[in-house]
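**Student:** Dumping the structure here so I can ask a few things about it.
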Amino acid sequence: MSQGNPGRPVAGATPPPAGAPASEPLKAVKLKHPWRIVFAVVLILVLVWFLVDAAQRSAYGWEYVGKYVFDKRISAAALVTLQLTIYSMVIGVILGLVLAVMRLSPNPVVKSVAWLYLWIFRGTPVYVQLVFWGLFSLIYPQVVLGVPWTEFHVSFDLGFMQNAFLIAVIGLALNEAAYMAEIVRAGLLSVDEGQEEASTALGMSWWQTMTRIVIPQAMRVIIPPTGNEVISMLKTTSLVAAIPLTTDLYGVARDISAVTYTPVPLLIVASLWYLLFTSILMVGQYFLEKRFSRGVNARRPDREPALATGALPAAGAPDGNDLGGKG
């Protein structure tokens, strides 16, 4: 049975007899959900009750929260946390891109090396990795490279690996590269191979194909998980105490709380700074996703009514612009 727009004649339909009343448009009634309102009210009441109760509890030490939230030591530690996040993510993204290309390589040796790297760094906890990198300079004080059966050799002193900040950046970046490799690989595989074939047919080089065709389309898939990884990296910096590095936000807040015997207020202070940074990162991630998703969900004007109702044309049905279709 064919159903057309109310009050509009349908091609091929029998016209109503003379004097017959015109059909009235259907009036849609919105379905009511009273339990949704009840559930929302209960959630709001629970949240208000928690806030009122927390404001009255002396264990939270709100006076210490206000005292230390803008303390110079906390602000400097927050800057160190940002530096750890930025440096580690930049190195992790670059190394992850290299590993993703190695994973897609037809060379079985190169592909196996990349897979082994991912297996090790994704299969062990980041805390364990940071402890190992903290002991690396004790295990390998120097590295000697030479030619067998000759006296020619070159030695490298690894004394710089005693720098706790540098070790933290290297440890976090090497761990992050394993996850970024899979994210980049998934983004590159999401682009149809026909895009590369068409670019090659147009005479574009490999670099032009990657920078103008493949990567812009892959960014739509790469950016959302990468934004999550940046936020996760910001919070993972609290584990650098395993090296040990105590100049980060959590480390300084813990040291202050050990002196003032106020662990809960200093935890709240650190949490407020983490929430501030993650909120800024989430806003930036939103605009990046919007920038690289342009045109993906664009609707054609002549198809908008059908898409708005979720209706799909049947197989073999005439298009809306065809002479025999519903225009």
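Please note that chains go A, B, ... in the order of the structure tokens, that every chain numbers its residues from 1, and that ligands are numbered from 1 in the order shown.
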Tell me, as a list in words, which residues lie within 12 Å of Leu116 (chain A), counting only C-alpha atoms; anything in the same chain fewer than 5 positions away does not count.

**Tutor:**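 Here the answer would be Leu99, Met102, Arg103, Pro108, Val109, Val110, Lys111, Phe121, Arg122, Gly123 and Ala178 of chain A.
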
**Student:** For the selection just defined, write its residues with N, CA and C atoms to a file, as a PDB file, in the first residue's frame.

**Tutor:**
ATOM      1  N   LEU A  99      55.806   2.906  13.611  1.00  0.00           N
ATOM      2  CA  LEU A  99      55.426   1.521  13.882  1.00  0.00           C
ATOM      3  C   LEU A  99      54.212   1.099  13.061  1.00  0.00           C
ATOM      4  N   MET A 102      55.421   0.284   9.702  1.00  0.00           N
ATOM      5  CA  MET A 102      56.113  -1.007   9.748  1.00  0.00           C
ATOM      6  C   MET A 102      55.119  -2.164   9.812  1.00  0.00           C
ATOM      7  N   ARG A 103      54.029  -1.974  10.537  1.00  0.00           N
ATOM      8  CA  ARG A 103      53.017  -3.034  10.626  1.00  0.00           C
ATOM      9  C   ARG A 103      52.335  -3.287   9.291  1.00  0.00           C
ATOM     10  N   PRO A 108      58.156  -9.230   5.952  1.00  0.00           N
ATOM     11  CA  PRO A 108      57.773  -9.976   7.164  1.00  0.00           C
ATOM     12  C   PRO A 108      58.667  -9.679   8.364  1.00  0.00           C
ATOM     13  N   VAL A 109      59.954  -9.384   8.118  1.00  0.00           N
ATOM     14  CA  VAL A 109      60.853  -9.083   9.233  1.00  0.00           C
ATOM     15  C   VAL A 109      60.468  -7.754   9.882  1.00  0.00           C
ATOM     16  N   VAL A 110      60.251  -6.733   9.064  1.00  0.00           N
ATOM     17  CA  VAL A 110      59.859  -5.423   9.592  1.00  0.00           C
ATOM     18  C   VAL A 110      58.526  -5.520  10.321  1.00  0.00           C
ATOM     19  N   LYS A 111      57.593  -6.243   9.734  1.00  0.00           N
ATOM     20  CA  LYS A 111      56.280  -6.400  10.376  1.00  0.00           C
ATOM     21  C   LYS A 111      56.402  -7.149  11.701  1.00  0.00           C
ATOM     22  N   PHE A 121      55.213  -3.828  24.900  1.00  0.00           N
ATOM     23  CA  PHE A 121      54.820  -2.603  25.583  1.00  0.00           C
ATOM     24  C   PHE A 121      53.324  -2.539  25.876  1.00  0.00           C
ATOM     25  N   ARG A 122      52.519  -3.265  25.153  1.00  0.00           N
ATOM     26  CA  ARG A 122      51.090  -3.329  25.485  1.00  0.00           C
ATOM     27  C   ARG A 122      50.782  -4.443  26.468  1.00  0.00           C
ATOM     28  N   GLY A 123      51.706  -5.390  26.601  1.00  0.00           N
ATOM     29  CA  GLY A 123      51.449  -6.531  27.473  1.00  0.00           C
ATOM     30  C   GLY A 123      51.998  -6.394  28.871  1.00  0.00           C
ATOM     31  N   ALA A 178      53.155   2.339  21.390  1.00  0.00           N
ATOM     32  CA  ALA A 178      52.528   1.064  21.073  1.00  0.00           C
ATOM     33  C   ALA A 178      51.038   1.226  20.823  1.00  0.00           C
TER      34      ALA A 178
END

**Student:** Could you give me the residues within region 225-275 of chain A that DSSP places in helix (DSSP H, G or I), as an NGL selection string?

**Tutor:** :A and (225-242 or 249-260 or 263-275)

**Student:** Looking at only C-alpha atoms, which of A:Thr209, A:Ser271, A:Gln162, A:Gln129 is the one that sits closest to Pro141 (chain A)?

**Tutor:**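 Result for the nearest residue to Pro141 (chain A): A:Gln162.
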
**Student:** Report the residues of region 20-259 of chain A whose backbone DSSP state falls under strand (DSSP E or B), written as a ChimeraX atom specification.

**Tutor:** /A:142-146,153-157

**Student:** Please produce a file of those selected residues containing N, CA, C and O atoms, as an mmCIF file, in the first residue's frame.

**Tutor:**
data_model
loop_
_atom_site.group_PDB
_atom_site.id
_atom_site.type_symbol
_atom_site.label_atom_id
_atom_site.label_comp_id
_atom_site.auth_asym_id
_atom_site.auth_seq_id
_atom_site.Cartn_x
_atom_site.Cartn_y
_atom_site.Cartn_z
ATOM 1 N N GLN A 142 77.070 2.016 30.250
ATOM 2 C CA GLN A 142 77.527 2.477 28.943
ATOM 3 C C GLN A 142 77.301 1.374 27.913
ATOM 4 O O GLN A 142 77.199 0.195 28.257
ATOM 5 N N VAL A 143 77.223 1.780 26.670
ATOM 6 C CA VAL A 143 77.015 0.860 25.554
ATOM 7 C C VAL A 143 78.241 0.938 24.660
ATOM 8 O O VAL A 143 78.667 2.031 24.269
ATOM 9 N N VAL A 144 78.812 -0.236 24.328
ATOM 10 C CA VAL A 144 80.015 -0.311 23.497
ATOM 11 C C VAL A 144 79.672 -1.039 22.206
ATOM 12 O O VAL A 144 79.149 -2.159 22.230
ATOM 13 N N LEU A 145 79.954 -0.380 21.083
ATOM 14 C CA LEU A 145 79.745 -0.957 19.761
ATOM 15 C C LEU A 145 81.096 -1.083 19.077
ATOM 16 O O LEU A 145 81.864 -0.115 19.013
ATOM 17 N N GLY A 146 81.414 -2.256 18.568
ATOM 18 C CA GLY A 146 82.705 -2.480 17.933
ATOM 19 C C GLY A 146 82.631 -3.537 16.863
ATOM 20 O O GLY A 146 81.611 -4.229 16.705
ATOM 21 N N HIS A 153 86.166 0.214 18.284
ATOM 22 C CA HIS A 153 84.926 0.231 19.047
ATOM 23 C C HIS A 153 84.568 1.672 19.387
ATOM 24 O O HIS A 153 85.435 2.549 19.441
ATOM 25 N N VAL A 154 83.297 1.868 19.628
ATOM 26 C CA VAL A 154 82.760 3.178 20.020
ATOM 27 C C VAL A 154 81.900 2.961 21.253
ATOM 28 O O VAL A 154 81.041 2.056 21.288
ATOM 29 N N SER A 155 82.121 3.749 22.285
ATOM 30 C CA SER A 155 81.374 3.625 23.540
ATOM 31 C C SER A 155 80.496 4.855 23.747
ATOM 32 O O SER A 155 80.869 5.967 23.393
ATOM 33 N N PHE A 156 79.323 4.633 24.295
ATOM 34 C CA PHE A 156 78.370 5.694 24.598
ATOM 35 C C PHE A 156 78.073 5.653 26.094
ATOM 36 O O PHE A 156 77.641 4.622 26.625
ATOM 37 N N ASP A 157 78.304 6.764 26.749
ATOM 38 C CA ASP A 157 78.022 6.867 28.175
ATOM 39 C C ASP A 157 76.537 7.162 28.362
ATOM 40 O O ASP A 157 75.981 8.082 27.736
#

**Student:** Pick the closest to Ala241 (chain A) from A:Leu104, A:Leu130, A:Leu84, A:Ala40: which is it, counting only C-alpha atoms?

**Tutor:**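 Closest residue, counting only C-alpha atoms: A:Leu130.
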
**Student:** Compile the contact shell of region 249-262 of chain A as a list in words: residues with an atom at most 7 Å away, counting only C-alpha atoms, same-chain residues fewer than 4 positions apart removed.

**Tutor:** Ile74, Ala77, Ala78, Thr81, Ser238, Ala241, Leu266, Leu267 and Ala270 of chain A

**Student:** Quick check, in Å to one decimal: how far apart do CA of Arg212 (chain A) and CA of Leu189 (chain A) lie?

**Tutor:**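 Taking CA of Arg212 (chain A) as the start and CA of Leu189 (chain A) as the end point, the length is 15.8 Å.
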
**Student:** For CA of Val65 (chain A) and CA of Pro265 (chain A), quote the distance in Å rounded to one decimal.

**Tutor:**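 Straight-line distance from CA of Val65 (chain A) to CA of Pro265 (chain A) works out to 5.2 Å.
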
**Student:** Tell me, as a tab-separated table (two decimals) with N, CA and C atoms, in the first residue's frame, which residues lie within 12 Å of Thr278 (chain A), counting only C-alpha atoms; anything in the same chain fewer than 6 positions away does not count.

**Tutor:**
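The resulting file, around-v3.tsv, is shown below:
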chain	number	residue	atom	x	y	z
A	82	LEU	N	52.18	19.07	32.63
A	82	LEU	CA	51.87	19.42	31.24
A	82	LEU	C	53.06	19.13	30.33
A	85	THR	N	53.30	15.48	29.65
A	85	THR	CA	52.24	15.04	28.74
A	85	THR	C	52.57	15.41	27.30
A	227	GLY	N	42.71	11.81	21.10
A	227	GLY	CA	42.32	12.72	22.18
A	227	GLY	C	42.16	12.00	23.50
A	228	ASN	N	41.60	10.80	23.44
A	228	ASN	CA	41.49	10.01	24.67
A	228	ASN	C	42.86	9.62	25.21
A	229	GLU	N	43.79	9.34	24.30
A	229	GLU	CA	45.14	8.98	24.74
A	229	GLU	C	45.86	10.16	25.39
A	230	VAL	N	45.63	11.37	24.88
A	230	VAL	CA	46.24	12.55	25.50
A	230	VAL	C	45.71	12.73	26.92
A	231	ILE	N	44.41	12.60	27.08
A	231	ILE	CA	43.82	12.72	28.42
A	231	ILE	C	44.32	11.62	29.34
A	232	SER	N	44.43	10.41	28.79
A	232	SER	CA	44.95	9.30	29.59
A	232	SER	C	46.41	9.52	29.96
A	233	MET	N	47.19	10.09	29.04
A	233	MET	CA	48.60	10.37	29.32
A	233	MET	C	48.74	11.40	30.44
A	234	LEU	N	47.86	12.40	30.44
A	234	LEU	CA	47.91	13.41	31.50
A	234	LEU	C	47.76	12.77	32.87
A	235	LYS	N	46.89	11.80	32.97
A	235	LYS	CA	46.67	11.13	34.26
A	235	LYS	C	47.73	10.07	34.54
A	271	SER	N	43.19	16.80	42.07
A	271	SER	CA	42.08	16.42	41.19
A	271	SER	C	41.50	17.63	40.47
A	272	LEU	N	41.43	18.77	41.16
A	272	LEU	CA	40.91	19.98	40.51
A	272	LEU	C	41.80	20.41	39.35
A	284	GLY	N	39.28	21.09	23.08
A	284	GLY	CA	40.11	21.05	21.88
A	284	GLY	C	39.83	19.83	21.02
A	285	GLN	N	39.62	18.68	21.65
A	285	GLN	CA	39.30	17.47	20.90
A	285	GLN	C	37.98	17.63	20.15

**Student:** Of the candidates A:Val128, A:Leu276, A:Ile213, A:Leu138, which shows the shortest atom-to-atom distance to Val69 (chain A), using only C-alpha atoms?

**Tutor:**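 Nearest candidate to Val69 (chain A) out of A:Val128, A:Leu276, A:Ile213, A:Leu138: A:Leu276.
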
**Student:** Could you tell me how far CA of Leu43 (chain A) sits from CA of Met282 (chain A), in Å to one decimal place?

**Tutor:**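 Those two atoms sit 24.4 Å apart.
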